[in-house]
>>> print(open('final21.txt').read())   # compact mmCIF, C-alpha atoms
# COMPACT_ATOMS: atom_id res chain seq x y z
CA VAL Q 1 -10.39 -9.82 4.31
CA VAL Q 2 -11.63 -7.06 6.62
CA GLU Q 3 -8.51 -4.99 5.97
CA VAL Q 4 -9.05 -5.33 2.21
CA GLN Q 5 -12.62 -4.06 2.54
CA LEU Q 6 -11.53 -1.19 4.76
CA ALA Q 7 -8.75 -0.29 2.31
CA PHE Q 8 -11.38 -0.08 -0.43
CA LEU Q 9 -13.48 2.23 1.77
CA VAL Q 10 -10.42 4.42 2.34
CA VAL Q 11 -9.88 4.88 -1.41
CA LEU Q 12 -13.61 5.43 -1.93
CA SER Q 13 -13.68 8.02 0.84
CA ALA Q 14 -10.82 9.96 -0.79
CA PHE Q 15 -12.71 9.98 -4.09
CA LEU Q 16 -15.89 11.20 -2.38
CA VAL Q 17 -13.90 14.03 -0.81
CA GLY Q 18 -12.84 15.23 -4.23
CA LEU Q 19 -16.30 14.74 -5.67
CA GLY Q 20 -17.81 16.88 -2.94
CA THR Q 21 -15.63 19.87 -3.86
CA LEU Q 22 -16.93 20.15 -7.44
CA PRO Q 23 -18.84 23.47 -7.74
CA SER Q 24 -21.23 22.05 -10.35
CA LEU Q 25 -22.17 18.97 -8.33
CA PRO Q 26 -25.95 18.38 -8.46
CA PRO Q 27 -27.72 18.54 -5.07
CA LEU Q 28 -28.88 14.92 -5.35
CA VAL Q 29 -25.34 13.67 -5.93
CA ALA Q 30 -24.09 15.86 -3.08
CA SER Q 31 -26.69 14.32 -0.75
CA ILE Q 32 -25.75 10.78 -1.78
CA THR Q 33 -22.07 11.60 -1.28
CA ASN Q 34 -22.75 12.94 2.21
CA ASN Q 35 -24.79 9.87 3.18
CA PHE Q 36 -22.04 7.59 1.92
CA GLU Q 37 -19.56 9.53 4.01
CA LEU Q 38 -21.70 8.99 7.11
CA PHE Q 39 -21.86 5.26 6.31
CA ILE Q 40 -18.08 5.00 5.91
CA SER Q 41 -17.53 6.89 9.17
CA ALA Q 42 -19.89 4.51 10.95
CA ILE Q 43 -17.98 1.48 9.62
CA PHE Q 44 -14.62 2.88 10.74
CA THR Q 45 -16.03 3.77 14.16
CA LEU Q 46 -17.49 0.29 14.68
CA GLU Q 47 -14.25 -1.39 13.61
CA TYR Q 48 -12.24 0.85 15.96
CA LEU Q 49 -14.50 0.11 18.93
CA ILE Q 50 -14.39 -3.64 18.29
CA ARG Q 51 -10.60 -3.73 18.24
CA TRP Q 52 -10.46 -1.48 21.30
CA SER Q 53 -12.81 -3.85 23.14
CA PHE Q 54 -10.46 -6.75 22.38
CA GLU Q 55 -7.76 -4.76 24.22
CA GLY Q 56 -10.02 -4.21 27.23
CA PHE Q 57 -10.56 -0.51 26.41
CA THR Q 58 -7.09 0.31 27.69
CA PHE Q 59 -5.62 3.78 27.15
CA LYS Q 60 -2.43 2.14 25.89
CA PHE Q 61 -4.32 1.00 22.79
CA VAL Q 62 -5.31 4.59 21.95
CA LEU Q 63 -1.68 5.75 22.03
CA ARG Q 64 -0.44 3.23 19.47
CA PRO Q 65 0.56 4.87 16.14
CA LEU Q 66 -1.84 2.77 14.07
CA SER Q 67 -4.64 3.41 16.57
CA ILE Q 68 -4.05 7.15 16.29
CA ILE Q 69 -4.43 6.83 12.52
CA ASP Q 70 -7.67 4.90 13.05
CA LEU Q 71 -8.91 7.60 15.43
CA ILE Q 72 -8.22 10.26 12.81
CA ALA Q 73 -10.23 8.18 10.36
CA ILE Q 74 -13.37 8.37 12.51
CA LEU Q 75 -13.11 12.04 13.53
CA PRO Q 76 -14.87 13.30 10.36
CA GLY Q 77 -17.91 11.28 11.37
CA PHE Q 78 -18.08 13.01 14.74
CA ILE Q 79 -17.70 16.42 13.08
CA ASN Q 80 -20.60 15.54 10.77
CA ILE Q 81 -22.67 14.63 13.82
CA LEU Q 82 -21.91 18.05 15.33
CA GLY Q 83 -23.08 19.61 12.09
CA ALA Q 84 -26.29 17.58 12.24
CA LEU Q 85 -26.85 18.84 15.79
CA GLY Q 86 -26.87 22.45 14.58
CA PHE Q 87 -23.25 23.53 14.79
CA ALA Q 88 -22.10 25.68 11.88
CA ILE Q 89 -19.76 23.37 9.96
CA PRO Q 90 -19.83 23.91 6.17
CA PRO Q 91 -19.56 20.74 4.05
CA SER Q 92 -16.41 22.12 2.42
CA PHE Q 93 -14.76 22.99 5.70
CA GLY Q 94 -11.02 22.69 5.01
CA ALA Q 95 -10.02 20.89 8.18
CA LEU Q 96 -12.78 18.31 7.68
CA ILE Q 97 -11.58 17.61 4.15
CA ASN Q 98 -8.03 17.08 5.33
CA LEU Q 99 -9.14 14.79 8.14
CA ARG Q 100 -11.01 12.66 5.64
CA LEU Q 101 -7.94 12.46 3.43
CA LEU Q 102 -5.79 11.42 6.39
CA ARG Q 103 -7.72 8.16 6.30
CA ILE Q 104 -5.36 7.21 3.49
CA LEU Q 105 -2.74 6.63 6.19
CA ARG Q 106 -4.71 3.50 7.09
CA LEU Q 107 -3.31 1.87 3.96
CA GLN Q 108 0.02 1.68 5.78
CA ARG Q 109 -1.49 -1.04 7.99
CA VAL Q 110 -0.98 -3.67 5.28
CA LEU Q 111 2.63 -2.58 4.75
CA VAL Q 112 3.85 -2.85 8.34
CA ASP Q 113 5.96 -5.95 7.68
CA TYR Q 114 6.45 -8.82 5.26
CA GLU Q 115 4.07 -11.17 7.08
CA THR Q 116 1.22 -8.63 7.08
CA PHE Q 117 1.74 -7.98 3.38
CA GLU Q 118 1.53 -11.73 2.66
CA LYS Q 119 -1.80 -11.92 4.51
CA PHE Q 120 -3.08 -8.98 2.48
CA GLU Q 121 -2.11 -10.67 -0.79
CA LEU Q 122 -3.83 -13.86 0.33
CA ALA Q 123 -6.99 -11.88 1.10
CA ILE Q 124 -7.10 -10.41 -2.41
CA GLY Q 125 -6.67 -13.82 -4.00
CA LEU Q 126 -2.92 -13.86 -4.72
CA ASP Q 127 -0.56 -16.68 -3.86
CA PRO Q 128 1.55 -15.51 -0.87
CA SER Q 129 4.21 -18.13 -1.65
CA ASN Q 130 5.20 -16.01 -4.65
CA THR Q 131 5.60 -12.86 -2.55
CA ARG Q 132 9.06 -11.30 -2.57
CA PRO Q 133 10.54 -8.45 -0.47
CA TYR Q 134 10.86 -6.19 -3.51
CA GLN Q 135 7.07 -6.37 -3.99
CA LEU Q 136 6.56 -5.03 -0.47
CA GLN Q 137 8.98 -2.18 -1.14
CA LEU Q 138 7.25 -1.38 -4.44
CA ALA Q 139 3.88 -1.30 -2.69
CA ARG Q 140 5.30 1.06 -0.06
CA ILE Q 141 6.52 3.45 -2.74
CA VAL Q 142 3.15 3.45 -4.53
CA ILE Q 143 1.20 4.01 -1.32
CA SER Q 144 3.62 6.72 -0.16
CA ILE Q 145 3.25 8.64 -3.44
CA TYR Q 146 -0.54 8.25 -3.36
CA THR Q 147 -0.69 9.40 0.26
CA LEU Q 148 1.58 12.39 -0.31
CA LEU Q 149 -0.29 13.50 -3.42
CA SER Q 150 -3.74 13.15 -1.86
CA ILE Q 151 -2.95 14.94 1.40
CA THR Q 152 -0.99 17.68 -0.37
CA ALA Q 153 -3.91 18.25 -2.76
CA GLY Q 154 -6.31 18.54 0.17
CA LEU Q 155 -4.10 21.07 1.96
CA ILE Q 156 -3.62 23.11 -1.23
CA TYR Q 157 -7.36 23.10 -1.90
CA SER Q 158 -8.07 24.25 1.66
CA ALA Q 159 -5.52 27.05 1.42
CA GLU Q 160 -6.23 28.22 -2.12
CA HIS Q 161 -9.80 27.58 -3.26
CA VAL Q 162 -11.25 30.73 -1.69
CA SER Q 163 -8.60 33.17 -2.94
CA ASN Q 164 -7.33 31.39 -6.06
CA PRO Q 165 -9.76 30.88 -8.98
CA GLU Q 166 -7.22 28.53 -10.55
CA VAL Q 167 -7.95 25.95 -7.82
CA PRO Q 168 -11.76 25.56 -7.82
CA ASP Q 169 -11.86 21.92 -6.70
CA TYR Q 170 -9.84 19.08 -5.22
CA PHE Q 171 -9.04 17.40 -8.54
CA THR Q 172 -7.42 20.60 -9.85
CA ALA Q 173 -5.37 20.74 -6.65
CA LEU Q 174 -4.41 17.10 -7.21
CA TYR Q 175 -3.19 17.91 -10.72
CA PHE Q 176 -1.18 20.85 -9.36
CA SER Q 177 0.33 18.59 -6.66
CA LEU Q 178 1.36 16.01 -9.25
CA THR Q 179 3.07 18.54 -11.51
CA THR Q 180 4.77 20.13 -8.51
CA LEU Q 181 6.10 16.96 -6.87
CA THR Q 182 7.35 15.62 -10.19
CA THR Q 183 9.10 18.99 -10.77
CA VAL Q 184 7.34 19.39 -14.13
CA GLY Q 185 5.79 22.73 -13.16
CA PHE Q 186 3.86 23.82 -16.27
CA GLY Q 187 3.18 27.19 -14.67
CA ASP Q 188 -0.55 27.16 -15.45
CA ILE Q 189 -1.35 27.06 -11.70
CA HIS Q 190 0.55 28.67 -8.86
CA PRO Q 191 -0.24 29.34 -5.18
CA VAL Q 192 -1.30 32.88 -4.28
CA THR Q 193 -1.63 32.52 -0.51
CA THR Q 194 1.10 32.24 2.09
CA ALA Q 195 -0.39 29.03 3.41
CA GLY Q 196 -0.46 27.56 -0.09
CA ARG Q 197 3.21 28.36 -0.64
CA TRP Q 198 4.11 26.75 2.68
CA VAL Q 199 2.17 23.63 1.74
CA VAL Q 200 3.93 23.34 -1.62
CA SER Q 201 7.35 23.88 -0.04
CA GLY Q 202 6.71 21.29 2.65
CA ALA Q 203 5.41 18.74 0.15
CA ILE Q 204 8.51 19.12 -2.02
CA LEU Q 205 10.82 18.65 0.97
CA ILE Q 206 8.94 15.61 2.26
CA GLY Q 207 8.76 14.06 -1.19
CA SER Q 208 12.48 14.60 -1.71
CA ALA Q 209 13.22 12.76 1.55
CA VAL Q 210 10.67 9.93 1.59
CA ILE Q 211 10.49 8.74 -2.01
CA PRO Q 212 14.26 8.36 -2.64
CA ALA Q 213 14.70 6.50 0.66
CA GLN Q 214 12.03 3.97 -0.26
CA ALA Q 215 13.32 3.74 -3.82
CA ALA Q 216 16.74 2.84 -2.42
CA ALA Q 217 15.13 0.09 -0.32
CA LEU Q 218 13.42 -1.20 -3.47
CA VAL Q 219 16.72 -1.31 -5.38
CA GLU Q 220 18.34 -3.17 -2.48
CA ALA Q 221 15.54 -5.73 -2.45
CA LEU Q 222 15.87 -6.20 -6.23
CA LEU Q 223 19.63 -6.72 -5.91
CA ASP Q 224 19.08 -9.33 -3.20
CA ARG Q 225 16.62 -11.12 -5.49
CA GLU Q 226 19.11 -11.10 -8.36
CA GLY Q 227 21.75 -12.50 -6.01
CA GLU Q 228 19.47 -15.36 -4.95
CA GLN Q 229 18.70 -16.22 -8.57
CA GLY Q 230 22.41 -16.13 -9.43
CA GLU Q 231 23.23 -18.58 -6.63
CA ALA Q 232 20.53 -20.96 -7.85
CA LYS Q 233 21.98 -20.96 -11.36
CA ASN Q 234 25.52 -21.61 -10.18
CA ILE Q 235 24.80 -25.16 -8.97
CA SER Q 236 27.43 -27.29 -10.68
CA LYS Q 237 26.34 -30.29 -12.72
CA ASN Q 238 28.14 -33.49 -13.62
CA ASP Q 239 27.37 -35.67 -16.62
CA ILE Q 240 27.21 -39.38 -15.78
CA SER Q 241 27.29 -42.06 -18.46
CA VAL Q 242 24.83 -44.83 -17.57
CA ASP Q 243 25.17 -46.99 -20.69
CA GLU Q 244 25.55 -46.61 -24.39
CA THR Q 245 21.86 -45.90 -25.03
CA ALA Q 246 21.34 -42.86 -22.79
CA ARG Q 247 22.97 -40.15 -20.70
CA ILE Q 248 21.54 -38.40 -17.66
CA THR Q 249 22.47 -35.21 -15.83
CA VAL Q 250 22.47 -35.31 -12.06
CA GLU Q 251 22.94 -32.19 -9.98
CA SER Q 252 25.88 -32.52 -7.61
CA GLU Q 253 23.89 -30.83 -4.87
CA LYS Q 254 20.50 -31.77 -3.53
CA VAL Q 255 17.52 -29.43 -3.91
CA ASP Q 256 15.16 -29.75 -0.94
CA GLY Q 257 16.47 -33.26 -0.29
CA TYR Q 258 15.93 -34.54 -3.86
CA TYR Q 259 18.14 -35.05 -6.91
CA VAL Q 260 16.93 -33.55 -10.18
CA VAL Q 261 17.38 -35.99 -13.08
CA GLU Q 262 17.19 -34.88 -16.69
CA GLY Q 263 17.09 -37.28 -19.63
CA LYS Q 264 15.66 -40.70 -20.46
CA GLU Q 265 16.89 -44.07 -19.23
CA SER Q 266 15.33 -47.49 -19.61
CA SER Q 267 17.09 -49.03 -16.62
CA LEU Q 268 15.90 -47.35 -13.40
CA GLU Q 269 18.13 -49.59 -11.30
CA SER Q 270 21.28 -48.39 -13.05
CA ILE Q 271 20.26 -44.76 -12.49
CA MET Q 272 19.65 -45.34 -8.77
CA ALA Q 273 22.93 -47.21 -8.41
CA ARG Q 274 24.92 -44.41 -10.05
CA MET Q 275 23.15 -41.75 -7.90
CA GLU Q 276 23.90 -43.68 -4.71
CA SER Q 277 27.52 -43.92 -5.81
CA LEU Q 278 27.63 -40.17 -6.33
CA GLU Q 279 26.08 -39.51 -2.92
CA SER Q 280 28.60 -41.74 -1.15
CA LYS Q 281 31.40 -39.56 -2.53
>>> encode(input="final21.txt", output="structure tokens")
Amino acid sequence: VVEVQLAFLVVLSAFLVGLGTLPSLPPLVASITNNFELFISAIFTLEYLIRWSFEGFTFKFVLRPLSIIDLIAILPGFINILGALGFAIPPSFGALINLRLLRILRLQRVLVDYETFEKFELAIGLDPSNTRPYQLQLARIVISIYTLLSITAGLIYSAEHVSNPEVPDYFTALYFSLTTLTTVGFGDIHPVTTAGRWVVSGAILIGSAVIPAQAAALVEALLDREGEQGEAKNISKNDISVDETARITVESEKVDGYYVVEGKESSLESIMARMESLESK
């Protein structure tokens, strides 16, 4: 349940990042956005310290990949504190924006393995018994695309918004990232800085490597699922005549230790006798 709530805060934080880049944002909304950001940073910091305390505040915990992602998630809060103490850190400081967007990497925590994904589904009210491997792979693809788009948009905004009037805010950069990574390329926006061109080139290369690999894993999981369903349908069946008034169909193989009987028969004893005869063969 905690991971679900933190995942919601991650998505909310990414939206607040984009909202804070709008040039026409009213001062009151900007103040509320900043206060919400401080609140989110405090939540992430508290959660990080609690989990670290469970590990005895060992340095080994800090070096874990997921812990590094969590540490990145709380860094924006410390930078905001430095700003509150008088250090010159503009609200639209590019590095701060990108650090906030890196919080999206926390969403990978629920996709670590099949068991973790089942717990996440249970927490959001879904039945984990219906979970299949292809659903995990599909979730990984969606989160990967969302992560790549969001971080790329933040980097493009940081590199372009000062020199490029075509990229005035994060949401415009997000639109440009989407058209670029999908190779649509309308041509209405293009990078004018060297850093912006490097960002676009890197995003295309990463997207070309990551997305197809995960799509292949999804196809493999779907093929495995089709194979399992095909095996279930190939269970041979034998028709057994019980008497002149009815016929039943008994599967020649047991399913979870039980026979599946289809049809209607008035004499239960005759059915049981014929099933026992079948089993003895």
>>> closest_residue(input="final21.txt", among="Q:Gly185, Q:Leu82, Q:Leu138, Q:Pro27", to="Ala216 (chain Q)", atoms="only C-alpha atoms")
Q:Leu138
>>> closest_residue(input="final21.txt", among="Q:Arg132, Q:Arg109, Q:His161, Q:Arg103", to="Leu9 (chain Q)", atoms="all atoms listed in the file")
Q:Arg103
>>> residues_around(input="final21.txt", residues="Val62 (chain Q)", least_positions_apart="5", cutoff="12 Å", atoms="only C-alpha atoms", output="PyMOL selection string")
chain Q and resi 48-49+51-53+55-57+67-72
>>> write_last_selection(input="final21.txt", atoms="C-alpha atoms", output="PDB file, in the frame of the given file")
ATOM      1  CA  TYR Q  48     -12.240   0.850  15.960  1.00  0.00           C
ATOM      2  CA  LEU Q  49     -14.500   0.110  18.930  1.00  0.00           C
ATOM      3  CA  ARG Q  51     -10.600  -3.730  18.240  1.00  0.00           C
ATOM      4  CA  TRP Q  52     -10.460  -1.480  21.300  1.00  0.00           C
ATOM      5  CA  SER Q  53     -12.810  -3.850  23.140  1.00  0.00           C
ATOM      6  CA  GLU Q  55      -7.760  -4.760  24.220  1.00  0.00           C
ATOM      7  CA  GLY Q  56     -10.020  -4.210  27.230  1.00  0.00           C
ATOM      8  CA  PHE Q  57     -10.560  -0.510  26.410  1.00  0.00           C
ATOM      9  CA  SER Q  67      -4.640   3.410  16.570  1.00  0.00           C
ATOM     10  CA  ILE Q  68      -4.050   7.150  16.290  1.00  0.00           C
ATOM     11  CA  ILE Q  69      -4.430   6.830  12.520  1.00  0.00           C
ATOM     12  CA  ASP Q  70      -7.670   4.900  13.050  1.00  0.00           C
ATOM     13  CA  LEU Q  71      -8.910   7.600  15.430  1.00  0.00           C
ATOM     14  CA  ILE Q  72      -8.220  10.260  12.810  1.00  0.00           C
TER      15      ILE Q  72
END
>>> residues_around(input="final21.txt", residues="region 198-206 of chain Q", least_positions_apart="6", cutoff="8 Å", atoms="only C-alpha atoms", output="list in words")
Leu148, Thr152, Leu155, Ile156, Ser177, Thr180 and Leu181 of chain Q
>>> atom_distance(input="final21.txt", atom1="CA of Leu136 (chain Q)", atom2="CA of Ser150 (chain Q)")
20.9 Å
>>> residues_around(input="final21.txt", residues="region 168-172 of chain Q", least_positions_apart="4", cutoff="12 Å", atoms="only C-alpha atoms", output="PyMOL selection string")
chain Q and resi 14-25+92+94+97-98+101+149-164+176-179+188-190
>>> build_atoms(input="final21.txt", residues="region 164-189 of chain Q", atoms="N, CA and C atoms", output="PDB file, keeping the file's coordinate frame")
ATOM      1  N   ASN Q 164      -7.969  31.692  -4.776  1.00  0.00           N
ATOM      2  CA  ASN Q 164      -7.330  31.390  -6.060  1.00  0.00           C
ATOM      3  C   ASN Q 164      -8.340  30.745  -7.010  1.00  0.00           C
ATOM      4  N   PRO Q 165      -8.791  31.469  -8.036  1.00  0.00           N
ATOM      5  CA  PRO Q 165      -9.760  30.880  -8.980  1.00  0.00           C
ATOM      6  C   PRO Q 165      -9.168  29.751  -9.812  1.00  0.00           C
ATOM      7  N   GLU Q 166      -7.850  29.613  -9.800  1.00  0.00           N
ATOM      8  CA  GLU Q 166      -7.220  28.530 -10.550  1.00  0.00           C
ATOM      9  C   GLU Q 166      -7.360  27.179  -9.854  1.00  0.00           C
ATOM     10  N   VAL Q 167      -7.783  27.195  -8.583  1.00  0.00           N
ATOM     11  CA  VAL Q 167      -7.950  25.950  -7.820  1.00  0.00           C
ATOM     12  C   VAL Q 167      -9.397  25.873  -7.323  1.00  0.00           C
ATOM     13  N   PRO Q 168     -10.351  25.581  -8.219  1.00  0.00           N
ATOM     14  CA  PRO Q 168     -11.760  25.560  -7.820  1.00  0.00           C
ATOM     15  C   PRO Q 168     -12.204  24.282  -7.124  1.00  0.00           C
ATOM     16  N   ASP Q 169     -11.442  23.191  -7.278  1.00  0.00           N
ATOM     17  CA  ASP Q 169     -11.860  21.920  -6.700  1.00  0.00           C
ATOM     18  C   ASP Q 169     -10.642  21.073  -6.344  1.00  0.00           C
ATOM     19  N   TYR Q 170     -10.914  19.965  -5.694  1.00  0.00           N
ATOM     20  CA  TYR Q 170      -9.840  19.080  -5.220  1.00  0.00           C
ATOM     21  C   TYR Q 170      -9.053  18.462  -6.373  1.00  0.00           C
ATOM     22  N   PHE Q 171      -9.718  18.083  -7.436  1.00  0.00           N
ATOM     23  CA  PHE Q 171      -9.040  17.400  -8.540  1.00  0.00           C
ATOM     24  C   PHE Q 171      -8.043  18.339  -9.240  1.00  0.00           C
ATOM     25  N   THR Q 172      -8.378  19.632  -9.313  1.00  0.00           N
ATOM     26  CA  THR Q 172      -7.420  20.600  -9.850  1.00  0.00           C
ATOM     27  C   THR Q 172      -6.212  20.712  -8.940  1.00  0.00           C
ATOM     28  N   ALA Q 173      -6.472  20.703  -7.613  1.00  0.00           N
ATOM     29  CA  ALA Q 173      -5.370  20.740  -6.650  1.00  0.00           C
ATOM     30  C   ALA Q 173      -4.515  19.484  -6.746  1.00  0.00           C
ATOM     31  N   LEU Q 174      -5.149  18.350  -7.047  1.00  0.00           N
ATOM     32  CA  LEU Q 174      -4.410  17.100  -7.210  1.00  0.00           C
ATOM     33  C   LEU Q 174      -3.505  17.167  -8.435  1.00  0.00           C
ATOM     34  N   TYR Q 175      -4.010  17.730  -9.516  1.00  0.00           N
ATOM     35  CA  TYR Q 175      -3.190  17.910 -10.720  1.00  0.00           C
ATOM     36  C   TYR Q 175      -2.003  18.824 -10.427  1.00  0.00           C
ATOM     37  N   PHE Q 176      -2.262  19.922  -9.710  1.00  0.00           N
ATOM     38  CA  PHE Q 176      -1.180  20.850  -9.360  1.00  0.00           C
ATOM     39  C   PHE Q 176      -0.144  20.156  -8.475  1.00  0.00           C
ATOM     40  N   SER Q 177      -0.592  19.318  -7.537  1.00  0.00           N
ATOM     41  CA  SER Q 177       0.330  18.590  -6.660  1.00  0.00           C
ATOM     42  C   SER Q 177       1.202  17.642  -7.452  1.00  0.00           C
ATOM     43  N   LEU Q 178       0.607  16.965  -8.426  1.00  0.00           N
ATOM     44  CA  LEU Q 178       1.360  16.010  -9.250  1.00  0.00           C
ATOM     45  C   LEU Q 178       2.445  16.717 -10.067  1.00  0.00           C
ATOM     46  N   THR Q 179       2.079  17.819 -10.702  1.00  0.00           N
ATOM     47  CA  THR Q 179       3.070  18.540 -11.510  1.00  0.00           C
ATOM     48  C   THR Q 179       4.149  19.173 -10.641  1.00  0.00           C
ATOM     49  N   THR Q 180       3.796  19.520  -9.405  1.00  0.00           N
ATOM     50  CA  THR Q 180       4.770  20.130  -8.510  1.00  0.00           C
ATOM     51  C   THR Q 180       5.752  19.098  -7.971  1.00  0.00           C
ATOM     52  N   LEU Q 181       5.238  17.977  -7.476  1.00  0.00           N
ATOM     53  CA  LEU Q 181       6.100  16.960  -6.870  1.00  0.00           C
ATOM     54  C   LEU Q 181       6.974  16.258  -7.890  1.00  0.00           C
ATOM     55  N   THR Q 182       6.524  16.224  -9.141  1.00  0.00           N
ATOM     56  CA  THR Q 182       7.350  15.620 -10.190  1.00  0.00           C
ATOM     57  C   THR Q 182       8.267  16.656 -10.844  1.00  0.00           C
ATOM     58  N   THR Q 183       8.259  17.869 -10.313  1.00  0.00           N
ATOM     59  CA  THR Q 183       9.100  18.990 -10.770  1.00  0.00           C
ATOM     60  C   THR Q 183       8.855  19.348 -12.234  1.00  0.00           C
ATOM     61  N   VAL Q 184       7.671  18.998 -12.760  1.00  0.00           N
ATOM     62  CA  VAL Q 184       7.340  19.390 -14.130  1.00  0.00           C
ATOM     63  C   VAL Q 184       7.031  20.885 -14.162  1.00  0.00           C
ATOM     64  N   GLY Q 185       6.080  21.321 -13.318  1.00  0.00           N
ATOM     65  CA  GLY Q 185       5.790  22.730 -13.160  1.00  0.00           C
ATOM     66  C   GLY Q 185       5.445  23.450 -14.455  1.00  0.00           C
ATOM     67  N   PHE Q 186       4.255  23.175 -15.023  1.00  0.00           N
ATOM     68  CA  PHE Q 186       3.860  23.820 -16.270  1.00  0.00           C
ATOM     69  C   PHE Q 186       3.667  25.335 -16.111  1.00  0.00           C
ATOM     70  N   GLY Q 187       3.375  25.772 -14.903  1.00  0.00           N
ATOM     71  CA  GLY Q 187       3.180  27.190 -14.670  1.00  0.00           C
ATOM     72  C   GLY Q 187       1.759  27.671 -14.875  1.00  0.00           C
ATOM     73  N   ASP Q 188       0.842  26.750 -15.241  1.00  0.00           N
ATOM     74  CA  ASP Q 188      -0.550  27.160 -15.450  1.00  0.00           C
ATOM     75  C   ASP Q 188      -1.270  27.427 -14.140  1.00  0.00           C
ATOM     76  N   ILE Q 189      -0.767  26.842 -13.035  1.00  0.00           N
ATOM     77  CA  ILE Q 189      -1.350  27.060 -11.700  1.00  0.00           C
ATOM     78  C   ILE Q 189      -0.219  27.386 -10.743  1.00  0.00           C
TER      79      ILE Q 189
END
